[in-house]
file protein-v7.csv (CSV, C-alpha atoms)
chain,number,residue,atom,x,y,z
A,1,MET,CA,0.0,0.0,0.0
A,2,ARG,CA,1.7,3.2,-1.2
A,3,THR,CA,1.0,6.7,0.1
A,4,VAL,CA,1.7,10.0,-1.6
A,5,SER,CA,4.3,12.2,0.2
A,6,LYS,CA,2.8,15.0,2.3
A,7,SER,CA,5.7,17.3,1.6
A,8,ALA,CA,4.1,20.4,0.1
A,9,LEU,CA,5.8,22.2,-2.8
A,10,LEU,CA,4.7,25.7,-1.8
A,11,GLY,CA,5.6,28.0,-4.7
A,12,GLY,CA,4.3,31.6,-4.4
A,13,ALA,CA,1.9,31.2,-7.3
A,14,ALA,CA,0.4,28.1,-5.9
A,15,LEU,CA,-0.1,29.7,-2.5
A,16,ALA,CA,-1.8,32.6,-4.1
A,17,LEU,CA,-4.5,30.3,-5.4
A,18,VAL,CA,-5.3,28.6,-2.0
A,19,SER,CA,-8.7,30.0,-1.3
A,20,VAL,CA,-9.4,31.4,2.2
A,21,SER,CA,-13.0,30.0,1.9
A,22,THR,CA,-11.9,26.7,3.4
A,23,GLY,CA,-11.2,28.4,6.7
A,24,GLY,CA,-8.5,27.6,9.2
A,25,ALA,CA,-10.2,26.3,12.3
A,26,LEU,CA,-8.3,23.0,12.5
A,27,ALA,CA,-4.9,22.4,13.9
A,28,GLN,CA,-3.4,20.1,11.2
A,29,GLU,CA,-5.7,17.1,11.9
A,30,ALA,CA,-4.4,14.0,10.2
A,31,VAL,CA,-6.8,12.6,7.6
A,32,THR,CA,-6.5,9.7,5.2
A,33,PHE,CA,-8.2,9.6,1.8
A,34,GLY,CA,-8.4,6.2,0.0
A,35,THR,CA,-8.7,6.2,-3.8
A,36,ASN,CA,-10.3,3.5,-5.8
A,37,TRP,CA,-7.5,2.7,-8.1
A,38,LEU,CA,-3.8,3.3,-8.9
A,39,ALA,CA,-2.7,6.9,-9.0
A,40,GLN,CA,-3.7,8.6,-12.2
A,41,ALA,CA,-4.7,12.0,-13.6
A,42,GLU,CA,-8.3,11.2,-12.7
A,43,HIS,CA,-7.2,11.6,-9.1
A,44,GLY,CA,-5.3,14.8,-9.9
A,45,GLY,CA,-7.3,17.3,-7.8
A,46,TYR,CA,-6.6,15.5,-4.6
A,47,TYR,CA,-2.9,15.2,-5.3
A,48,GLN,CA,-2.9,18.9,-6.2
A,49,ALA,CA,-4.5,19.9,-2.9
A,50,VAL,CA,-1.8,17.9,-1.1
A,51,ALA,CA,1.1,19.2,-3.2
A,52,ASP,CA,0.3,22.9,-3.1
A,53,GLY,CA,-0.8,23.1,0.5
A,54,THR,CA,-4.5,23.6,0.0
A,55,TYR,CA,-5.6,21.0,2.6
A,56,LYS,CA,-3.0,22.3,5.0
A,57,ALA,CA,-4.3,25.9,4.6
A,58,CYS,CA,-7.6,24.8,6.3
A,59,GLY,CA,-6.0,22.5,8.9
A,60,LEU,CA,-5.8,19.1,7.4
A,61,ASP,CA,-2.7,16.9,7.0
A,62,VAL,CA,-4.0,14.6,4.2
A,63,THR,CA,-2.4,11.3,3.3
A,64,ILE,CA,-3.6,9.7,0.0
A,65,VAL,CA,-3.7,5.9,0.1
A,66,THR,CA,-3.9,4.4,-3.4
A,67,GLY,CA,-6.3,1.7,-4.4
A,68,GLY,CA,-5.6,-1.2,-6.8
A,69,PRO,CA,-6.4,-4.8,-7.5
A,70,GLN,CA,-5.3,-6.0,-4.1
A,71,VAL,CA,-6.5,-3.1,-2.0
A,72,ASN,CA,-10.0,-2.7,-0.5
A,73,ASN,CA,-10.1,0.8,0.7
A,74,ARG,CA,-13.9,0.6,1.2
A,75,ALA,CA,-13.4,-2.0,3.8
A,76,LEU,CA,-10.7,0.1,5.4
A,77,MET,CA,-13.1,3.0,5.7
A,78,LEU,CA,-15.8,0.8,7.2
A,79,ALA,CA,-13.2,-0.4,9.8
A,80,GLY,CA,-12.3,3.2,10.7
A,81,LYS,CA,-8.8,3.1,9.1
A,82,ILE,CA,-9.7,5.7,6.3
A,83,ASP,CA,-11.6,8.9,6.8
A,84,PHE,CA,-12.7,9.6,3.2
A,85,LEU,CA,-13.1,7.3,0.2
A,86,MET,CA,-13.2,7.9,-3.5
A,87,GLY,CA,-16.4,6.3,-4.7
A,88,GLY,CA,-17.3,5.2,-8.2
A,89,ASN,CA,-20.8,6.3,-8.9
A,90,MET,CA,-24.0,6.7,-6.9
A,91,LEU,CA,-25.0,3.0,-7.3
A,92,GLN,CA,-22.4,2.1,-4.6
A,93,ALA,CA,-24.1,4.5,-2.2
A,94,PHE,CA,-27.5,3.1,-3.0
A,95,PHE,CA,-26.4,-0.4,-2.5
A,96,ALA,CA,-24.8,0.6,0.8
A,97,LEU,CA,-28.1,2.0,1.9
A,98,ARG,CA,-29.8,-1.2,1.0
A,99,GLU,CA,-27.4,-3.0,3.3
A,100,ASP,CA,-27.9,-0.4,6.1
A,101,ILE,CA,-24.2,0.7,5.8
A,102,PRO,CA,-24.1,4.3,7.0
A,103,ILE,CA,-22.0,5.8,4.1
A,104,VAL,CA,-22.7,9.4,3.0
A,105,VAL,CA,-21.6,11.0,-0.2
A,106,VAL,CA,-20.5,14.6,0.6
A,107,ALA,CA,-19.3,15.7,-2.8
A,108,ALA,CA,-19.4,14.6,-6.5
A,109,ASP,CA,-16.1,15.6,-8.1
A,110,PHE,CA,-17.0,14.2,-11.4
A,111,GLN,CA,-20.2,15.6,-12.9
A,112,LYS,CA,-20.2,12.9,-15.5
A,113,GLU,CA,-19.6,9.2,-15.3
A,114,PRO,CA,-16.5,8.7,-17.6
A,115,GLN,CA,-17.8,5.4,-18.9
A,116,ILE,CA,-17.8,5.2,-22.7
A,117,ILE,CA,-18.6,2.8,-25.6
A,118,LEU,CA,-15.9,3.1,-28.2
A,119,THR,CA,-16.1,1.9,-31.8
A,120,HIS,CA,-14.0,1.9,-34.9
A,121,PRO,CA,-14.0,5.3,-36.6
A,122,GLY,CA,-17.1,5.9,-38.8
A,123,LYS,CA,-18.6,2.5,-38.2
A,124,TYR,CA,-21.8,3.7,-36.5
A,125,GLU,CA,-23.6,7.0,-37.2
A,126,SER,CA,-24.9,7.3,-33.7
A,127,PHE,CA,-25.1,5.8,-30.2
A,128,GLU,CA,-28.6,4.6,-31.1
A,129,ALA,CA,-27.4,2.9,-34.2
A,130,MET,CA,-25.5,0.3,-32.2
A,131,ALA,CA,-28.6,-1.0,-30.4
A,132,GLY,CA,-29.4,-4.6,-31.3
A,133,THR,CA,-26.6,-4.8,-33.9
A,134,ALA,CA,-23.1,-4.1,-32.8
A,135,PRO,CA,-21.2,-6.8,-30.9
A,136,LEU,CA,-20.3,-5.1,-27.6
A,137,LEU,CA,-17.5,-6.1,-25.3
A,138,ILE,CA,-18.9,-5.4,-21.8
A,139,GLY,CA,-17.6,-6.6,-18.5
A,140,ASP,CA,-19.7,-8.3,-15.8
A,141,ASN,CA,-20.0,-5.1,-13.6
A,142,GLY,CA,-21.0,-3.0,-16.6
A,143,PHE,CA,-23.5,-5.6,-17.7
A,144,ALA,CA,-25.2,-5.5,-14.3
A,145,SER,CA,-25.4,-1.7,-14.2
A,146,TYR,CA,-25.1,0.7,-17.1
A,147,TYR,CA,-25.8,-1.9,-19.7
A,148,GLN,CA,-29.1,-2.7,-18.1
A,149,TRP,CA,-29.9,1.0,-18.5
A,150,MET,CA,-28.8,0.8,-22.2
A,151,ILE,CA,-31.3,-2.1,-22.6
A,152,SER,CA,-34.1,-0.2,-20.9
A,153,GLU,CA,-33.6,3.2,-22.5
A,154,TYR,CA,-32.2,2.4,-26.0
A,155,GLY,CA,-33.1,-1.1,-26.9
A,156,PHE,CA,-29.7,-2.7,-26.6
A,157,THR,CA,-29.9,-6.5,-26.2
A,158,VAL,CA,-28.4,-9.2,-24.0
A,159,GLU,CA,-27.5,-11.1,-27.2
A,160,GLN,CA,-25.2,-8.5,-28.6
A,161,ARG,CA,-23.1,-8.3,-25.4
A,162,ARG,CA,-19.8,-10.2,-25.4
A,163,PRO,CA,-17.7,-10.7,-22.2
A,164,TYR,CA,-14.9,-8.1,-21.9
A,165,THR,CA,-11.7,-9.3,-20.4
A,166,PHE,CA,-9.9,-5.9,-20.4
A,167,ASN,CA,-7.9,-7.0,-23.4
A,168,PRO,CA,-8.4,-4.7,-26.4
A,169,ALA,CA,-7.3,-7.4,-28.9
A,170,PRO,CA,-10.8,-8.7,-29.8
A,171,PHE,CA,-12.0,-5.1,-30.3
A,172,LEU,CA,-9.1,-4.2,-32.5
A,173,ALA,CA,-9.6,-7.4,-34.6
A,174,ASP,CA,-13.3,-6.8,-35.3
A,175,PRO,CA,-14.2,-3.6,-37.1
A,176,ALA,CA,-17.9,-4.0,-36.2
A,177,ALA,CA,-17.3,-4.3,-32.4
A,178,GLY,CA,-17.8,-1.8,-29.7
A,179,GLN,CA,-16.0,-1.9,-26.3
A,180,GLN,CA,-16.5,-0.4,-22.9
A,181,GLY,CA,-13.9,1.9,-21.5
A,182,TYR,CA,-13.2,5.2,-19.7
A,183,VAL,CA,-12.9,8.3,-21.8
A,184,THR,CA,-9.6,9.1,-20.1
A,185,SER,CA,-8.0,5.7,-20.6
A,186,GLU,CA,-9.0,3.1,-23.2
A,187,PRO,CA,-9.0,5.5,-26.2
A,188,PHE,CA,-5.4,6.3,-25.5
A,189,ALA,CA,-4.6,2.6,-25.5
A,190,VAL,CA,-6.4,2.0,-28.7
A,191,GLU,CA,-4.6,4.9,-30.4
A,192,ARG,CA,-1.3,3.4,-29.3
A,193,GLU,CA,-2.0,-0.3,-30.1
A,194,GLY,CA,-4.4,0.0,-33.0
A,195,GLY,CA,-3.0,3.1,-34.7
A,196,PHE,CA,-6.4,4.9,-34.9
A,197,ALA,CA,-8.5,7.2,-32.9
A,198,PRO,CA,-11.8,5.5,-32.0
A,199,ASP,CA,-15.2,7.1,-32.0
A,200,ILE,CA,-16.3,7.8,-28.4
A,201,TYR,CA,-19.8,7.7,-27.0
A,202,LEU,CA,-19.9,9.0,-23.4
A,203,ILE,CA,-22.9,7.4,-21.9
A,204,ALA,CA,-23.4,10.3,-19.6
A,205,ASP,CA,-24.2,12.5,-22.6
A,206,TYR,CA,-27.0,10.0,-23.5
A,207,GLY,CA,-28.7,10.2,-20.1
A,208,PHE,CA,-26.7,8.0,-17.7
A,209,SER,CA,-27.0,10.7,-15.1
A,210,THR,CA,-25.1,9.5,-12.1
A,211,TYR,CA,-22.4,11.5,-10.5
A,212,ALA,CA,-19.0,9.9,-10.3
A,213,THR,CA,-15.7,10.1,-8.4
A,214,THR,CA,-17.8,10.8,-5.3
A,215,VAL,CA,-16.3,11.6,-1.9
A,216,GLU,CA,-17.7,9.2,0.7
A,217,THR,CA,-17.4,9.2,4.4
A,218,MET,CA,-19.2,7.6,7.3
A,219,ALA,CA,-22.3,9.2,8.8
A,220,ASP,CA,-20.5,9.6,12.1
A,221,THR,CA,-17.8,11.7,10.5
A,222,VAL,CA,-20.4,14.0,9.0
A,223,ALA,CA,-22.2,14.3,12.4
A,224,ASN,CA,-19.1,14.7,14.6
A,225,ARG,CA,-16.4,16.2,12.4
A,226,PRO,CA,-18.2,18.6,10.1
A,227,GLU,CA,-15.3,21.0,9.9
A,228,VAL,CA,-13.0,18.2,8.7
A,229,VAL,CA,-15.6,17.3,6.0
A,230,LYS,CA,-15.9,20.9,5.0
A,231,CYS,CA,-12.2,21.4,4.7
A,232,PHE,CA,-11.7,18.2,2.7
A,233,VAL,CA,-14.6,18.9,0.3
A,234,GLU,CA,-13.7,22.5,-0.3
A,235,GLY,CA,-10.0,21.8,-0.5
A,236,SER,CA,-10.6,19.1,-3.0
A,237,ALA,CA,-12.7,21.4,-5.2
A,238,ILE,CA,-9.9,24.0,-5.1
A,239,GLY,CA,-7.4,21.3,-5.9
A,240,TRP,CA,-9.4,20.3,-9.0
A,241,TYR,CA,-9.5,23.9,-10.3
A,242,ASN,CA,-5.8,24.3,-9.8
A,243,TYR,CA,-5.1,20.9,-11.4
A,244,LEU,CA,-7.2,21.4,-14.4
A,245,TYR,CA,-6.4,25.1,-15.1
A,246,GLY,CA,-3.2,25.9,-13.3
A,247,ASP,CA,0.3,24.5,-12.8
A,248,ASN,CA,-0.2,20.8,-12.1
A,249,SER,CA,3.4,19.7,-12.4
A,250,ALA,CA,3.9,18.9,-8.6
A,251,ALA,CA,0.7,16.9,-8.5
A,252,ASN,CA,1.7,14.9,-11.6
A,253,GLU,CA,5.1,14.1,-10.1
A,254,ALA,CA,3.3,12.8,-7.0
A,255,ILE,CA,1.0,10.7,-9.2
A,256,LYS,CA,4.0,9.2,-11.0
A,257,ALA,CA,5.8,8.5,-7.7
A,258,ASP,CA,2.8,6.5,-6.4
A,259,ASN,CA,2.3,4.8,-9.8
A,260,PRO,CA,5.7,4.5,-11.6
A,261,GLU,CA,4.0,3.0,-14.7
A,262,MET,CA,2.0,6.2,-15.3
A,263,SER,CA,3.4,8.2,-18.2
A,264,ASP,CA,3.4,11.9,-19.0
A,265,GLU,CA,1.6,11.1,-22.2
A,266,GLN,CA,-1.2,9.2,-20.5
A,267,ILE,CA,-1.6,12.0,-17.9
A,268,ALA,CA,-1.8,14.7,-20.6
A,269,PHE,CA,-4.3,12.7,-22.6
A,270,SER,CA,-6.5,12.1,-19.5
A,271,ILE,CA,-6.5,15.8,-18.6
A,272,ASP,CA,-7.4,16.8,-22.1
A,273,LYS,CA,-10.4,14.3,-22.2
A,274,MET,CA,-11.6,15.4,-18.8
A,275,LYS,CA,-11.7,19.0,-20.1
A,276,GLU,CA,-13.1,18.1,-23.5
A,277,PHE,CA,-16.0,16.1,-22.2
A,278,GLY,CA,-16.7,18.2,-19.1
A,279,ILE,CA,-16.1,15.3,-16.7
A,280,VAL,CA,-15.2,17.4,-13.7
A,281,ASP,CA,-16.3,20.9,-14.6
A,282,SER,CA,-19.6,21.3,-16.5
A,283,GLY,CA,-23.3,21.9,-16.0
A,284,ASP,CA,-24.1,22.8,-12.4
A,285,THR,CA,-20.4,23.4,-11.5
A,286,GLU,CA,-20.4,26.5,-13.6
A,287,THR,CA,-22.5,28.3,-11.0
A,288,LEU,CA,-22.2,26.0,-7.9
A,289,GLY,CA,-18.6,25.0,-8.1
A,290,ILE,CA,-16.8,21.6,-8.5
A,291,GLY,CA,-18.3,18.9,-6.4
A,292,ALA,CA,-21.8,20.1,-7.0
A,293,MET,CA,-24.8,17.9,-6.4
A,294,THR,CA,-28.6,18.4,-6.6
A,295,ASP,CA,-31.6,16.4,-5.4
A,296,GLU,CA,-33.0,16.5,-8.9
A,297,ARG,CA,-30.0,14.7,-10.4
A,298,MET,CA,-30.0,12.1,-7.6
A,299,THR,CA,-33.7,11.3,-8.1
A,300,ASP,CA,-33.4,11.2,-11.9
A,301,PHE,CA,-30.6,8.6,-11.7
A,302,TYR,CA,-32.3,6.5,-9.1
A,303,ASP,CA,-35.5,6.4,-11.1
A,304,LYS,CA,-33.6,5.3,-14.1
A,305,MET,CA,-31.9,2.5,-12.2
A,306,VAL,CA,-35.2,1.3,-10.8
A,307,LYS,CA,-36.8,1.3,-14.3
A,308,ALA,CA,-33.8,-0.7,-15.6
A,309,GLY,CA,-34.1,-3.2,-12.7
A,310,VAL,CA,-30.7,-2.5,-11.3
A,311,ILE,CA,-32.0,-1.6,-7.9
A,312,GLU,CA,-35.4,-1.8,-6.1
A,313,ASP,CA,-37.9,1.0,-5.7
A,314,GLY,CA,-38.7,2.5,-2.3
A,315,LEU,CA,-35.2,3.4,-0.9
A,316,ASP,CA,-34.9,6.7,0.9
A,317,ILE,CA,-32.0,7.9,-1.2
A,318,LYS,CA,-31.6,11.2,0.6
A,319,LYS,CA,-29.9,9.2,3.3
A,320,THR,CA,-27.1,8.4,0.9
A,321,TYR,CA,-25.8,12.0,0.4
A,322,THR,CA,-25.8,15.5,1.9
A,323,LEU,CA,-25.7,18.9,0.2
A,324,ASP,CA,-24.4,20.6,3.3
A,325,PHE,CA,-20.8,20.9,2.1
A,326,VAL,CA,-21.3,21.6,-1.7
A,327,ASN,CA,-23.0,24.1,-4.0
A,328,LYS,CA,-21.3,27.1,-2.4
A,329,GLY,CA,-19.3,28.3,-5.4
A,330,VAL,CA,-15.9,27.5,-3.7
A,331,GLY,CA,-13.1,27.8,-6.3
A,332,LEU,CA,-15.0,29.7,-9.0
A,333,ASP,CA,-12.8,32.8,-8.2
A,334,ILE,CA,-9.7,30.6,-8.8
A,335,LYS,CA,-11.0,29.4,-12.2
A,336,LYS,CA,-11.7,33.0,-13.2
A,337,THR,CA,-8.2,34.0,-12.2
A,338,LEU,CA,-6.6,31.1,-14.1
A,339,THR,CA,-8.7,31.1,-17.2
A,340,GLY,CA,-10.2,34.6,-17.4
A,341,ASN,CA,-13.7,33.1,-17.6
call {"tool": "encode", "arguments": {"input": "protein-v7.csv", "output": "structure tokens"}}
result
Amino acid sequence: MRTVSKSALLGGAALALVSVSTGGALAQEAVTFGTNWLAQAEHGGYYQAVADGTYKACGLDVTIVTGGPQVNNRALMLAGKIDFLMGGNMLQAFFALREDIPIVVVAADFQKEPQIILTHPGKYESFEAMAGTAPLLIGDNGFASYYQWMISEYGFTVEQRRPYTFNPAPFLADPAAGQQGYVTSEPFAVEREGGFAPDIYLIADYGFSTYATTVETMADTVANRPEVVKCFVEGSAIGWYNYLYGDNSAANEAIKADNPEMSDEQIAFSIDKMKEFGIVDSGDTETLGIGAMTDERMTDFYDKMVKAGVIEDGLDIKKTYTLDFVNKGVGLDIKKTLTGN
């Protein structure tokens, strides 16, 4: 289990962009944040907030504990070993509620689920054109979640699904095939291995309305340590603004230190796609700030999952999240400074 160094690289420009809105009521309280995979650009805002001192400015000494195939950071949070956890999408919180596990989502740092279907260039004229026809390489988790929504909303079929083993070779060999992926990752691999830029269909843009890269914590933490939650949520938002629009070199070096297989080219590609598709900063974040959540989006996604048969009706989903720490516009001033917009 690797952790990112907490030594802050405090350049004057970086310090100038640490917002005072996070406050300073805490005395460097130690906090651990567990990610859901190996270090990558998709975690950049958190690494940025460590590297440039944003968390420290409001009183937190944050250690990032990376996830991976042999690490279960969710179990560590349930056991009290981790304070905050990077969730996937809201289905995880809904399933936790069903099992009476008191997890609360306190921010949504991705406004869009980065899940995509990618195809060979020019093969299909639209997302809808793939329904019932294209052989689609979809993993078991995807088949049980977003693919059920694709069946419900667009008429995709069980028969056209093929098991996906996280090997792009079958996709590259079949010009008619589509494949699951993340917009920040698999297209990069296809370009390198296949020699072409695939067509990308971001399922969020077709109505898969969940938030992603959520910040989860235990209900007790929300109740008993609200200043810690506030600092972490707002510090992370500021970190994301600085990572996307400012000098992210220190954060990227920390990412590569925690994941030596990560390349500069992959990081640059991922950042470009996060910006192009509005993964972190789009929609409600333009007025409410990064991390934004609304009751309407939560209800919309839950209703779609009920309709698709992914989860049962009747859950009180408001127990799965709180809006107390988001939607305050934290960091919008930093974005304006960095981008002029």
call {"tool": "residues_around", "arguments": {"input": "protein-v7.csv", "residues": "A:Pro121", "least_positions_apart": "2", "cutoff": "9 Å", "atoms": "all atoms listed in the file", "output": "VMD selection string"}}
result
chain A and resid 118 to 119 123 to 124 175 196 to 200
call {"tool": "closest_residue", "arguments": {"input": "protein-v7.csv", "among": "A:Asp109, A:Asp52, A:Asp140, A:Asp284", "to": "A:Trp240", "atoms": "all atoms listed in the file"}}
result
A:Asp109
call {"tool": "residues_around", "arguments": {"input": "protein-v7.csv", "residues": "A:Val233", "least_positions_apart": "4", "cutoff": "8 Å", "atoms": "all atoms listed in the file", "output": "PyMOL selection string"}}
result
chain A and resi 106-107+215+229+237+291+325-326
call {"tool": "closest_residue", "arguments": {"input": "protein-v7.csv", "among": "A:Ala308, A:Glu286, A:Ala268, A:Asp316", "to": "A:Phe156", "atoms": "all atoms listed in the file"}}
result
A:Ala308
call {"tool": "closest_atom_pairs", "arguments": {"input": "protein-v7.csv", "of": "stretch 16-108 of chain A", "to": "stretch 183-189 of chain A", "cutoff": "10 Å", "atoms": "all atoms listed in the file", "output": "Markdown table"}}
result
| residue | atom | partner | partner_atom | distance |
| --- | --- | --- | --- | --- |
| A:Gln40 | CA | A:Ser185 | CA | 9.9 |
| A:Ala41 | CA | A:Thr184 | CA | 8.6 |
| A:Glu42 | CA | A:Thr184 | CA | 7.8 |
call {"tool": "residues_around", "arguments": {"input": "protein-v7.csv", "residues": "A:Gly283", "least_positions_apart": "2", "cutoff": "12 Å", "atoms": "all atoms listed in the file", "output": "VMD selection string"}}
result
chain A and resid 110 to 112 205 209 211 277 to 281 285 to 294 297
call {"tool": "atom_distance", "arguments": {"input": "protein-v7.csv", "atom1": "atom CA of A:Gln28", "atom2": "atom CA of A:Lys56"}}
result
6.6 Å
call {"tool": "atom_distance", "arguments": {"input": "protein-v7.csv", "atom1": "atom CA of A:Glu113", "atom2": "atom CA of A:Ala212"}}
result
5.1 Å
call {"tool": "residues_around", "arguments": {"input": "protein-v7.csv", "residues": "A:Leu60", "least_positions_apart": "5", "cutoff": "7 Å", "atoms": "only C-alpha atoms", "output": "number ranges by chain"}}
result
A: 26, 28-31, 55
call {"tool": "write_last_selection", "arguments": {"input": "protein-v7.csv", "atoms": "C-alpha atoms", "output": "PDB file, in the coordinates of the input"}}
result
ATOM      1  CA  LEU A  26      -8.300  23.000  12.500  1.00  0.00           C
ATOM      2  CA  GLN A  28      -3.400  20.100  11.200  1.00  0.00           C
ATOM      3  CA  GLU A  29      -5.700  17.100  11.900  1.00  0.00           C
ATOM      4  CA  ALA A  30      -4.400  14.000  10.200  1.00  0.00           C
ATOM      5  CA  VAL A  31      -6.800  12.600   7.600  1.00  0.00           C
ATOM      6  CA  TYR A  55      -5.600  21.000   2.600  1.00  0.00           C
TER       7      TYR A  55
END
call {"tool": "atom_distance", "arguments": {"input": "protein-v7.csv", "atom1": "atom CA of A:Thr54", "atom2": "atom CA of A:Thr217"}}
result
19.8 Å
call {"tool": "residues_around", "arguments": {"input": "protein-v7.csv", "residues": "A:Asn252", "least_positions_apart": "2", "cutoff": "9 Å", "atoms": "all atoms listed in the file", "output": "PDB file with C-alpha atoms, keeping the file's coordinate frame"}}
result
ATOM      1  CA  GLN A  40      -3.700   8.600 -12.200  1.00  0.00           C
ATOM      2  CA  ALA A  41      -4.700  12.000 -13.600  1.00  0.00           C
ATOM      3  CA  GLY A  44      -5.300  14.800  -9.900  1.00  0.00           C
ATOM      4  CA  TYR A  47      -2.900  15.200  -5.300  1.00  0.00           C
ATOM      5  CA  GLN A  48      -2.900  18.900  -6.200  1.00  0.00           C
ATOM      6  CA  ASN A 248      -0.200  20.800 -12.100  1.00  0.00           C
ATOM      7  CA  SER A 249       3.400  19.700 -12.400  1.00  0.00           C
ATOM      8  CA  ALA A 250       3.900  18.900  -8.600  1.00  0.00           C
ATOM      9  CA  ALA A 254       3.300  12.800  -7.000  1.00  0.00           C
ATOM     10  CA  ILE A 255       1.000  10.700  -9.200  1.00  0.00           C
ATOM     11  CA  LYS A 256       4.000   9.200 -11.000  1.00  0.00           C
ATOM     12  CA  ALA A 257       5.800   8.500  -7.700  1.00  0.00           C
ATOM     13  CA  ASP A 264       3.400  11.900 -19.000  1.00  0.00           C
ATOM     14  CA  ILE A 267      -1.600  12.000 -17.900  1.00  0.00           C
TER      15      ILE A 267
END
call {"tool": "closest_residue", "arguments": {"input": "protein-v7.csv", "among": "A:Val222, A:Glu216, A:Gly178, A:Lys230", "to": "A:Gly122", "atoms": "all atoms listed in the file"}}
result
A:Gly178
call {"tool": "build_atoms", "arguments": {"input": "protein-v7.csv", "residues": "stretch 101-106 of chain A", "atoms": "all heavy atoms", "output": "CSV table (one decimal), in the coordinates of the input"}}
result
chain,number,residue,atom,x,y,z
A,101,ILE,N,-25.6,0.2,5.6
A,101,ILE,CA,-24.2,0.7,5.8
A,101,ILE,C,-24.3,2.2,5.8
A,101,ILE,O,-24.6,2.8,4.8
A,101,ILE,CB,-23.3,0.1,4.8
A,101,ILE,CG1,-23.3,-1.4,4.8
A,101,ILE,CG2,-21.9,0.7,5.0
A,101,ILE,CD1,-22.5,-2.1,3.7
A,102,PRO,N,-23.9,2.9,6.9
A,102,PRO,CA,-24.1,4.3,7.0
A,102,PRO,C,-23.0,5.2,6.3
A,102,PRO,O,-22.3,5.9,6.9
A,102,PRO,CB,-24.0,4.6,8.5
A,102,PRO,CG,-23.1,3.5,9.0
A,102,PRO,CD,-23.4,2.3,8.1
A,103,ILE,N,-22.9,5.0,5.0
A,103,ILE,CA,-22.0,5.8,4.1
A,103,ILE,C,-22.8,7.0,3.6
A,103,ILE,O,-23.9,6.9,3.2
A,103,ILE,CB,-21.5,4.9,3.0
A,103,ILE,CG1,-20.5,3.9,3.6
A,103,ILE,CG2,-20.8,5.8,1.9
A,103,ILE,CD1,-20.0,2.9,2.5
A,104,VAL,N,-22.1,8.1,3.6
A,104,VAL,CA,-22.7,9.4,3.0
A,104,VAL,C,-21.8,10.0,2.0
A,104,VAL,O,-20.6,10.1,2.2
A,104,VAL,CB,-23.0,10.4,4.2
A,104,VAL,CG1,-23.6,11.7,3.6
A,104,VAL,CG2,-23.8,9.8,5.3
A,105,VAL,N,-22.4,10.3,0.9
A,105,VAL,CA,-21.6,11.0,-0.2
A,105,VAL,C,-21.7,12.5,0.1
A,105,VAL,O,-22.8,13.1,0.3
A,105,VAL,CB,-22.2,10.8,-1.6
A,105,VAL,CG1,-21.6,11.6,-2.6
A,105,VAL,CG2,-22.1,9.3,-1.9
A,106,VAL,N,-20.5,13.2,0.2
A,106,VAL,CA,-20.5,14.6,0.6
A,106,VAL,C,-20.1,15.5,-0.5
A,106,VAL,O,-20.2,16.7,-0.4
A,106,VAL,CB,-19.5,14.8,1.8
A,106,VAL,CG1,-20.1,14.1,3.1
A,106,VAL,CG2,-18.1,14.3,1.5
